[in-house]
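Novice: Just so it is clear, I am handing over my_file-v7.cif, which has mmCIF, C-alpha atoms.
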data_model
loop_
_atom_site.label_atom_id
_atom_site.label_comp_id
_atom_site.auth_asym_id
_atom_site.auth_seq_id
_atom_site.Cartn_x
_atom_site.Cartn_y
_atom_site.Cartn_z
CA MET A 8 29.55 27.32 -17.22
CA GLU A 9 31.80 24.29 -17.13
CA LEU A 10 28.93 22.16 -16.00
CA GLU A 11 26.70 23.30 -18.83
CA GLN A 12 29.41 22.42 -21.33
CA THR A 13 29.85 18.90 -19.95
CA ARG A 14 26.12 18.11 -19.86
CA PRO A 15 25.49 17.27 -23.53
CA GLU A 16 28.39 14.79 -23.56
CA ASN A 17 26.95 12.24 -21.09
CA PRO A 18 23.79 13.24 -19.26
CA ALA A 19 23.79 10.20 -16.98
CA MET A 20 27.29 10.93 -15.69
CA THR A 21 27.04 14.71 -15.50
CA PHE A 22 24.11 14.57 -13.07
CA ASP A 23 26.33 12.93 -10.47
CA GLU A 24 29.16 15.24 -11.42
CA VAL A 25 26.92 18.27 -11.00
CA SER A 26 25.85 17.12 -7.57
CA MET A 27 29.46 16.44 -6.64
CA GLU A 28 30.54 19.83 -7.92
CA ARG A 29 27.79 21.51 -5.95
CA SER A 30 28.82 19.76 -2.78
CA LYS A 31 32.47 20.58 -3.36
CA SER A 32 31.77 24.27 -4.03
CA PHE A 33 29.62 24.48 -0.91
CA ILE A 34 32.35 22.92 1.20
CA LYS A 35 34.90 25.25 -0.34
CA ALA A 36 32.81 28.35 0.34
CA LEU A 37 32.20 27.21 3.90
CA GLN A 38 35.91 26.68 4.41
CA GLU A 39 36.69 30.14 3.07
CA LEU A 40 34.11 31.65 5.46
CA LYS A 41 35.71 29.81 8.34
CA ASN A 42 39.13 31.11 7.30
CA LEU A 43 37.84 34.71 7.45
CA ARG A 44 37.72 34.64 11.25
CA PRO A 45 41.50 34.25 11.91
CA GLN A 46 42.17 36.79 9.14
CA LEU A 47 39.93 39.36 10.80
CA TYR A 48 41.46 38.66 14.23
CA SER A 49 45.01 39.07 12.85
CA ALA A 50 44.02 42.26 11.01
CA ALA A 51 42.46 43.68 14.19
CA GLU A 52 45.65 42.96 16.23
CA TYR A 53 47.85 44.52 13.56
CA CYS A 54 45.72 47.68 13.42
CA GLU A 55 45.73 47.99 17.24
CA LYS A 56 49.52 47.64 17.47
CA SER A 57 50.15 49.99 14.56
CA TYR A 58 47.80 52.65 16.06
CA LEU A 59 49.56 52.40 19.41
CA HIS A 60 53.13 52.40 18.10
CA SER A 61 52.80 54.60 15.03
CA GLU A 62 53.08 58.36 15.01
CA GLN A 63 50.61 59.01 12.14
CA LYS A 64 47.51 57.84 13.96
CA GLN A 65 45.08 59.56 11.55
CA THR A 66 46.52 57.60 8.61
CA VAL A 67 46.25 54.36 10.52
CA LEU A 68 42.69 55.23 11.46
CA ASP A 69 41.73 55.94 7.84
CA ASN A 70 43.32 52.67 6.70
CA LEU A 71 41.50 50.88 9.48
CA LYS A 72 38.14 52.31 8.37
CA ASP A 73 38.74 51.24 4.78
CA TYR A 74 39.82 47.78 5.85
CA ALA A 75 36.76 47.40 8.13
CA VAL A 76 34.42 48.30 5.27
CA ARG A 77 36.16 45.89 2.87
CA ALA A 78 36.22 43.11 5.49
CA LEU A 79 32.52 43.57 6.15
CA VAL A 80 31.71 43.46 2.43
CA ASN A 81 33.93 40.38 2.04
CA ALA A 82 32.22 38.64 4.97
CA VAL A 83 28.75 39.47 3.57
CA ASP A 84 29.83 38.12 0.17
CA HIS A 85 31.10 34.88 1.66
CA LEU A 86 27.99 34.44 3.79
CA GLY A 87 25.76 35.03 0.79
CA THR A 88 27.71 32.47 -1.27
CA VAL A 89 27.47 29.87 1.49
CA ALA A 90 23.76 30.52 2.00
CA TYR A 91 23.04 30.29 -1.74
CA LYS A 92 24.99 27.05 -2.16
CA LEU A 93 23.36 25.49 0.90
CA THR A 94 19.88 26.44 -0.31
CA ASP A 95 20.67 25.02 -3.76
CA LEU A 96 21.91 21.80 -2.21
CA LEU A 97 18.79 21.44 -0.06
CA GLU A 98 16.55 22.05 -3.05
CA GLN A 99 18.42 19.40 -5.04
CA GLN A 100 18.02 16.92 -2.21
CA ALA A 101 14.32 17.72 -1.86
CA LEU A 102 13.86 17.20 -5.60
CA GLU A 103 15.63 13.84 -5.44
CA VAL A 104 13.46 12.80 -2.49
CA SER A 105 10.31 13.80 -4.39
CA THR A 106 11.47 11.76 -7.39
CA MET A 107 12.09 8.79 -5.11
CA GLU A 108 8.61 9.19 -3.62
CA VAL A 109 7.08 9.07 -7.08
CA LYS A 110 9.09 5.95 -7.95
CA VAL A 111 8.09 4.25 -4.70
CA SER A 112 4.46 5.13 -5.38
CA CYS A 113 4.80 3.53 -8.83
CA LEU A 114 6.28 0.39 -7.30
CA ASN A 115 3.54 0.28 -4.71
CA GLN A 116 0.93 0.62 -7.42
CA GLN A 117 2.53 -2.17 -9.41
CA TYR A 118 2.58 -4.40 -6.36
CA LEU A 119 -1.08 -3.68 -5.62
CA THR A 120 -1.93 -4.50 -9.22
CA CYS A 121 -0.08 -7.81 -8.98
CA GLN A 122 -1.79 -8.56 -5.70
CA THR A 123 -5.21 -7.85 -7.13
CA TYR A 124 -4.45 -9.99 -10.16
CA THR A 125 -3.23 -12.83 -7.95
CA ASP A 126 -6.35 -12.67 -5.80
CA LYS A 127 -8.61 -12.69 -8.82
CA GLU A 128 -6.73 -15.57 -10.40
CA GLY A 129 -6.92 -17.49 -7.14
CA LEU A 130 -10.67 -16.99 -6.95
CA ARG A 131 -11.04 -18.02 -10.56
CA GLN A 132 -9.03 -21.17 -9.98
CA GLN A 133 -11.05 -22.05 -6.95
CA GLN A 134 -14.20 -21.70 -8.95
CA LEU A 135 -12.83 -23.79 -11.81
CA LEU A 136 -11.53 -26.47 -9.53
CA ALA A 137 -14.89 -27.07 -7.89
CA PHE A 138 -15.42 -30.81 -7.85
CA ILE A 139 -18.59 -31.88 -9.64
CA PRO A 140 -19.01 -35.65 -9.30
CA ARG A 141 -20.34 -37.32 -12.39
CA HIS A 142 -20.96 -41.05 -12.39
CA HIS A 143 -21.92 -43.33 -15.17
CA LYS A 144 -25.23 -45.08 -14.83
CA HIS A 145 -23.86 -48.60 -14.60
CA TYR A 146 -21.60 -47.80 -11.66
CA VAL A 147 -22.88 -49.17 -8.39
CA LEU A 148 -21.42 -48.15 -5.13
CA GLN A 149 -22.11 -49.22 -1.58
CA ASN A 150 -24.70 -47.34 0.41
CA SER A 151 -22.32 -46.41 3.21
CA VAL A 152 -19.64 -44.78 1.10
CA ASN A 153 -21.36 -41.81 -0.43
CA LYS A 154 -25.06 -41.69 -0.91
CA LYS A 155 -24.86 -38.86 -3.40
CA VAL A 156 -23.48 -41.13 -6.05
CA HIS A 157 -26.71 -43.07 -6.14
CA PHE A 158 -28.20 -40.26 -8.11
CA SER A 159 -27.89 -40.17 -11.84
CA PRO A 160 -26.44 -36.99 -13.30
CA GLN A 161 -29.91 -35.81 -14.28
CA ILE A 162 -31.32 -36.40 -10.84
CA LEU A 163 -28.22 -34.93 -9.24
CA THR A 164 -28.73 -31.70 -11.08
CA ASP A 165 -32.40 -31.80 -10.17
CA ALA A 166 -31.51 -32.26 -6.54
CA ARG A 167 -29.20 -29.32 -6.77
CA GLN A 168 -31.87 -27.23 -8.40
CA ASN A 169 -34.26 -28.17 -5.62
CA HIS A 170 -31.57 -27.39 -3.11
CA PHE A 171 -31.16 -23.91 -4.47
CA GLN A 172 -34.86 -23.46 -4.96
CA ALA A 173 -35.54 -24.41 -1.38
CA ARG A 174 -33.00 -21.89 -0.24
CA SER A 175 -34.41 -19.11 -2.35
CA ARG A 176 -38.02 -20.20 -2.00
CA LEU A 177 -38.65 -20.18 -5.72
CA GLN A 178 -41.12 -22.27 -7.62
CA PRO A 179 -39.80 -25.44 -9.22
CA SER A 180 -38.85 -25.38 -12.87
CA GLY A 181 -41.70 -27.62 -13.87
CA SER A 182 -39.73 -29.43 -16.52
CA PRO A 183 -40.52 -33.08 -17.04
CA ALA A 184 -37.01 -34.14 -16.08
CA SER A 185 -37.27 -32.48 -12.70
CA LYS A 186 -40.38 -34.39 -11.56
CA THR A 187 -38.46 -36.88 -9.51
CA LEU A 188 -38.86 -37.92 -5.94
CA SER A 189 -36.72 -35.05 -4.82
CA TRP A 190 -38.84 -32.64 -6.80
CA HIS A 191 -42.00 -33.98 -5.26
CA LEU A 192 -40.57 -33.62 -1.81
CA ALA A 193 -39.40 -30.11 -2.54
CA SER A 194 -42.75 -29.08 -3.92
CA GLU A 195 -44.38 -30.66 -0.95
CA THR A 196 -42.23 -28.76 1.46
CA LYS A 197 -42.89 -25.50 -0.30
CA SER A 198 -46.62 -25.96 -0.28
CA THR A 199 -46.73 -26.84 3.39
CA LEU A 200 -44.26 -24.29 4.56
CA LYS A 201 -45.87 -21.28 2.94
CA GLY A 202 -47.82 -20.73 6.15
CA ALA A 203 -44.79 -21.21 8.38
CA PRO A 204 -42.00 -18.95 7.11
CA HIS A 205 -40.36 -18.56 10.50
CA VAL A 206 -39.79 -22.23 10.83
CA MET A 207 -38.24 -22.25 7.41
CA ALA A 208 -35.95 -19.36 8.25
CA SER A 209 -34.65 -20.95 11.39
CA ASN A 210 -34.23 -24.44 10.04
CA GLU A 211 -33.27 -23.58 6.50
CA ASP A 212 -29.71 -24.85 6.65
CA THR A 213 -30.50 -27.94 8.61
CA LYS A 214 -33.53 -28.54 6.46
CA THR A 215 -31.60 -28.79 3.22
CA SER A 216 -29.12 -31.21 4.68
CA GLY A 217 -31.91 -33.12 6.37
CA LYS A 218 -33.88 -33.18 3.18
CA SER A 219 -30.98 -34.65 1.28
CA SER A 220 -30.49 -37.24 3.96
CA VAL A 221 -34.19 -38.00 3.79
CA LEU A 222 -33.90 -38.38 0.04
CA PHE A 223 -30.97 -40.71 0.45
CA GLN A 224 -32.77 -42.80 2.97
CA LEU A 225 -35.90 -43.04 0.85
CA LEU A 226 -33.98 -43.88 -2.30
CA ASP A 227 -31.77 -46.29 -0.45
CA LYS A 228 -34.76 -48.03 0.93
CA GLU A 229 -36.43 -48.08 -2.43
CA GLU A 230 -33.41 -49.65 -4.06
CA SER A 231 -33.28 -52.31 -1.45
CA ALA A 232 -36.97 -52.82 -2.05
CA LYS A 233 -36.33 -53.46 -5.72
CA THR A 234 -33.65 -56.04 -5.04
CA ARG A 235 -35.76 -57.75 -2.45
CA SER A 236 -39.22 -57.99 -3.88
CA SER A 237 -40.70 -59.78 -0.87
CA GLY A 238 -39.40 -57.40 1.77
CA ALA A 239 -40.20 -54.20 -0.01
CA PRO A 240 -43.20 -53.03 2.00
CA ALA A 241 -41.60 -53.94 5.29
CA GLN A 242 -38.49 -51.94 4.47
CA LEU A 243 -40.51 -49.03 3.31
CA SER A 244 -42.55 -49.21 6.40
CA SER A 245 -39.41 -49.47 8.50
CA GLY A 246 -37.89 -46.54 6.69
CA GLY A 247 -41.17 -44.69 6.68
CA PRO A 248 -41.41 -43.78 10.34
CA VAL A 249 -37.78 -42.67 10.32
CA ALA A 250 -38.37 -40.51 7.28
CA GLY A 251 -41.64 -39.37 8.73
CA ALA A 252 -39.97 -38.55 12.00
CA ASN A 253 -37.29 -36.62 10.17
CA MET A 254 -39.82 -34.78 8.15
CA GLN A 255 -42.04 -34.15 11.12
CA LYS A 256 -39.00 -32.84 12.89
CA PHE A 257 -38.81 -30.10 10.34
CA GLY A 258 -42.55 -29.56 10.33
CA VAL A 259 -43.24 -31.30 7.03
CA PRO A 260 -45.87 -34.04 6.83
CA ARG A 261 -44.91 -37.35 5.33
CA ARG A 262 -46.42 -38.21 1.99
CA VAL A 263 -46.87 -41.69 0.63
CA MET A 264 -45.77 -41.85 -2.96
CA PRO A 265 -47.87 -43.80 -5.45
CA LYS A 266 -46.24 -46.81 -7.02
CA SER A 267 -46.30 -45.34 -10.50
CA ALA A 268 -44.43 -42.25 -9.32
CA ARG A 269 -41.93 -44.38 -7.47
CA THR A 270 -41.13 -46.45 -10.49
CA GLN A 271 -40.74 -43.35 -12.60
CA THR A 272 -38.60 -41.41 -10.14
CA CYS A 273 -36.40 -44.13 -8.68
CA PRO A 274 -33.14 -44.26 -10.57
CA THR A 275 -32.32 -47.45 -12.33
CA PHE A 276 -28.76 -48.36 -12.78
CA PHE A 277 -29.02 -51.68 -14.43
CA MET B 25 39.43 75.72 16.01
CA ASN B 26 41.32 72.53 16.73
CA ASP B 27 38.61 71.51 19.16
CA ARG B 28 35.98 72.07 16.50
CA ILE B 29 37.94 69.90 14.03
CA ALA B 30 38.45 67.26 16.69
CA VAL B 31 34.78 67.25 17.59
CA GLN B 32 33.84 67.00 13.91
CA ALA B 33 36.26 64.11 13.37
CA ASP B 34 34.85 62.45 16.47
CA TRP B 35 31.32 62.79 15.15
CA GLU B 36 32.42 61.32 11.78
CA ASN B 37 34.08 58.40 13.52
CA ARG B 38 30.95 57.78 15.60
CA GLU B 39 28.80 57.91 12.48
CA PHE B 40 31.09 55.46 10.75
CA ILE B 41 30.96 53.15 13.75
CA SER B 42 27.16 53.35 13.85
CA HIS B 43 26.99 52.46 10.17
CA ILE B 44 29.30 49.48 10.67
CA SER B 45 27.39 48.27 13.75
CA LEU B 46 24.04 48.70 11.96
CA ASN B 47 25.25 46.61 9.01
CA ILE B 48 26.65 43.96 11.33
CA ARG B 49 23.27 43.77 13.12
CA ARG B 50 21.53 43.38 9.75
CA LEU B 51 23.99 40.60 8.92
CA PHE B 52 23.22 38.99 12.27
CA ASP B 53 19.45 39.15 11.62
CA PHE B 54 19.99 37.60 8.19
CA LEU B 55 21.97 34.78 9.78
CA ILE B 56 19.20 34.08 12.33
CA GLN B 57 16.53 34.06 9.62
CA PHE B 58 18.65 31.85 7.39
CA GLU B 59 19.19 29.42 10.25
CA SER B 60 15.45 29.12 10.97
CA THR B 61 14.54 28.54 7.30
CA THR B 62 17.34 26.01 6.85
CA LYS B 63 16.25 24.17 10.00
CA SER B 64 12.66 23.94 8.76
CA LYS B 65 13.82 22.72 5.34
CA LEU B 66 16.08 20.12 6.92
CA SER B 67 13.32 18.90 9.26
CA SER B 68 10.87 18.52 6.37
CA LEU B 69 13.53 16.70 4.35
CA ASN B 70 14.22 14.44 7.30
CA LEU B 71 10.52 13.68 7.67
CA LYS B 72 10.22 12.88 3.97
CA LEU B 73 13.23 10.59 4.15
CA ASP B 74 11.83 8.77 7.18
CA THR B 75 8.49 8.27 5.44
CA LEU B 76 10.25 7.11 2.30
CA GLU B 77 12.38 4.69 4.25
CA ARG B 78 9.34 3.15 5.96
CA ARG B 79 7.48 2.82 2.67
CA LEU B 80 10.50 1.15 1.10
CA GLN B 81 10.79 -1.26 4.01
CA LEU B 82 7.11 -2.15 3.71
CA LEU B 83 7.43 -2.60 -0.02
CA GLU B 84 10.49 -4.75 0.38
CA LEU B 85 8.68 -6.93 2.90
CA GLN B 86 5.63 -7.26 0.66
CA VAL B 87 7.74 -8.19 -2.37
CA SER B 88 9.76 -10.72 -0.39
CA THR B 89 6.53 -12.27 0.90
CA ALA B 90 5.15 -12.44 -2.61
CA THR B 91 8.31 -13.91 -4.11
CA ALA B 92 8.64 -16.42 -1.27
CA ASN B 93 5.82 -18.44 -2.80
CA PRO B 94 6.44 -18.51 -6.55
CA SER B 95 3.97 -21.37 -7.01
CA LEU B 96 1.21 -18.79 -6.94
CA PHE B 97 2.39 -17.45 -10.26
CA THR B 98 3.41 -20.76 -11.80
CA SER B 99 0.15 -22.53 -10.94
CA THR B 100 -1.81 -20.10 -13.08
CA THR B 101 0.30 -20.97 -16.09
CA THR B 102 -0.06 -24.71 -15.52
CA THR B 103 -3.81 -24.54 -15.09
CA SER B 104 -4.20 -22.31 -18.09
CA ALA B 105 -2.05 -24.72 -20.11
#
Please render this file's structure as structure tokens.

Specialist:
Amino acid sequence: MELEQTRPENPAMTFDEVSMERSKSFIKALQELKNLRPQLYSAAEYCEKSYLHSEQKQTVLDNLKDYAVRALVNAVDHLGTVAYKLTDLLEQQALEVSTMEVKVSCLNQQYLTCQTYTDKEGLRQQQLLAFIPRHHKHYVLQNSVNKKVHFSPQILTDARQNHFQARSRLQPSGSPASKTLSWHLASETKSTLKGAPHVMASNEDTKTSGKSSVLFQLLDKEESAKTRSSGAPAQLSSGGPVAGANMQKFGVPRRVMPKSARTQTCPTFF
Amino acid sequence: MNDRIAVQADWENREFISHISLNIRRLFDFLIQFESTTKSKLSSLNLKLDTLERRLQLLELQVSTATANPSLFTSTTTTSA
């Protein structure tokens, strides 16, 4: 009753007060039950002495019977109170534990959400931060540094398209911009390797890297051929067997490009 | 006559004693049953508390690991900016 009156005043405080009151009442009831034992022992000694020393034994006996009944009822009452308060306390604790479990589950769910968001953001950043080299046409770099940069952006994308197409074994796009040296080589490889799929499957990874190296070597040699007009056929011939050996290594026959195709496909940076 | 009264009183006393002993045995059975139920409730509560404690420890460790590297959260804002 007192607890119900104090609840509407401050709910946050009364919950702790209710739990404290429950604990205190349980301890009090338990203490009273413990105190019953010496009371019953003292009452039993008094009744024994009075029955032995008194003359009216029937009266003492009747009083003893009444006292025994009342003591038993009192003990049952105290035990019931202690049992009820203990059960109530355990239920309260179980309820608090269940509430805590729900809160911990919420926190766990929030953490998993944050983790998932962080992972997705990390993947997105990695995708955005992918380095795509783009070089202006008038930039000239040495052959030994990075042979990729010898490509113009258009040819670079074409090489990438051929790279992916070679991996997926798709037909080339057929657009006019893609008909470069790399495209011709890719189309050549596709036409020759249609009858040898096993070789392609085993050497697919090495083939793409080897193909790019072959492209670099051919283009490198062709550029040097442009700068040196007299030594062009010798360089091509010197680079030819190497390219041919590389291509033969992967089961692809070497193809001699016509001069018109070479001039069209070779990138010009000047 | 006195013997009959004495015997009757004796029988009443024995009946009273049997009633008292019966009730005390019922009280004893109640106490045993109450002890078993309370033990089971306490064990389940203990198990729940242990599980809760382990989950909290794991959560605390995960949060401390996540907060140990705050650049993960700040880098997203810088890249988005």

Novice: Between atom CA of A:Tyr53 and atom CA of A:Asn70, what distance in Å does the model show, to one decimal?

Specialist: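 So the two atoms, atom CA of A:Tyr53 and atom CA of A:Asn70, lie 11.6 Å apart.
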
Novice: Quick one: apply the PyMOL selection byres ((chain A) within 9 of (chain B)) to the file and drop the selected residues here as a list in words.

Specialist: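 That expression, the PyMOL selection byres ((chain A) within 9 of (chain B)), corresponds here to Lys72, Ala75, Val76, Leu79, Val83, Leu86, Ala90, Leu93, Thr94, Leu97, Glu98, Gln100, Ala101, Val104, Ser105, Met107, Glu108, Val111, Ser112, Leu114, Asn115, Tyr118, Gln122, Thr125, Glu128, Gly129 and Gln132 of chain A.
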
Novice: Print the selection's residues with C-alpha atoms to a file, as a PDB file, keeping the file's coordinate frame.

Specialist:
ATOM      1  CA  LYS A  72      38.140  52.310   8.370  1.00  0.00           C
ATOM      2  CA  ALA A  75      36.760  47.400   8.130  1.00  0.00           C
ATOM      3  CA  VAL A  76      34.420  48.300   5.270  1.00  0.00           C
ATOM      4  CA  LEU A  79      32.520  43.570   6.150  1.00  0.00           C
ATOM      5  CA  VAL A  83      28.750  39.470   3.570  1.00  0.00           C
ATOM      6  CA  LEU A  86      27.990  34.440   3.790  1.00  0.00           C
ATOM      7  CA  ALA A  90      23.760  30.520   2.000  1.00  0.00           C
ATOM      8  CA  LEU A  93      23.360  25.490   0.900  1.00  0.00           C
ATOM      9  CA  THR A  94      19.880  26.440  -0.310  1.00  0.00           C
ATOM     10  CA  LEU A  97      18.790  21.440  -0.060  1.00  0.00           C
ATOM     11  CA  GLU A  98      16.550  22.050  -3.050  1.00  0.00           C
ATOM     12  CA  GLN A 100      18.020  16.920  -2.210  1.00  0.00           C
ATOM     13  CA  ALA A 101      14.320  17.720  -1.860  1.00  0.00           C
ATOM     14  CA  VAL A 104      13.460  12.800  -2.490  1.00  0.00           C
ATOM     15  CA  SER A 105      10.310  13.800  -4.390  1.00  0.00           C
ATOM     16  CA  MET A 107      12.090   8.790  -5.110  1.00  0.00           C
ATOM     17  CA  GLU A 108       8.610   9.190  -3.620  1.00  0.00           C
ATOM     18  CA  VAL A 111       8.090   4.250  -4.700  1.00  0.00           C
ATOM     19  CA  SER A 112       4.460   5.130  -5.380  1.00  0.00           C
ATOM     20  CA  LEU A 114       6.280   0.390  -7.300  1.00  0.00           C
ATOM     21  CA  ASN A 115       3.540   0.280  -4.710  1.00  0.00           C
ATOM     22  CA  TYR A 118       2.580  -4.400  -6.360  1.00  0.00           C
ATOM     23  CA  GLN A 122      -1.790  -8.560  -5.700  1.00  0.00           C
ATOM     24  CA  THR A 125      -3.230 -12.830  -7.950  1.00  0.00           C
ATOM     25  CA  GLU A 128      -6.730 -15.570 -10.400  1.00  0.00           C
ATOM     26  CA  GLY A 129      -6.920 -17.490  -7.140  1.00  0.00           C
ATOM     27  CA  GLN A 132      -9.030 -21.170  -9.980  1.00  0.00           C
TER      28      GLN A 132
END

Novice: Would you compute the distance between atom CA of A:Thr88 and atom CA of A:Asp69? Give it in Å to one decimal.

Specialist: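 Atom CA of A:Asp69 lies at a distance of 28.8 Å from atom CA of A:Thr88.
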
Novice: Quick check, in Å to one decimal: how far apart do atom CA of A:Leu40 and atom CA of A:Glu28 lie?

Specialist: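 Straight-line distance from atom CA of A:Leu40 to atom CA of A:Glu28 works out to 18.2 Å.
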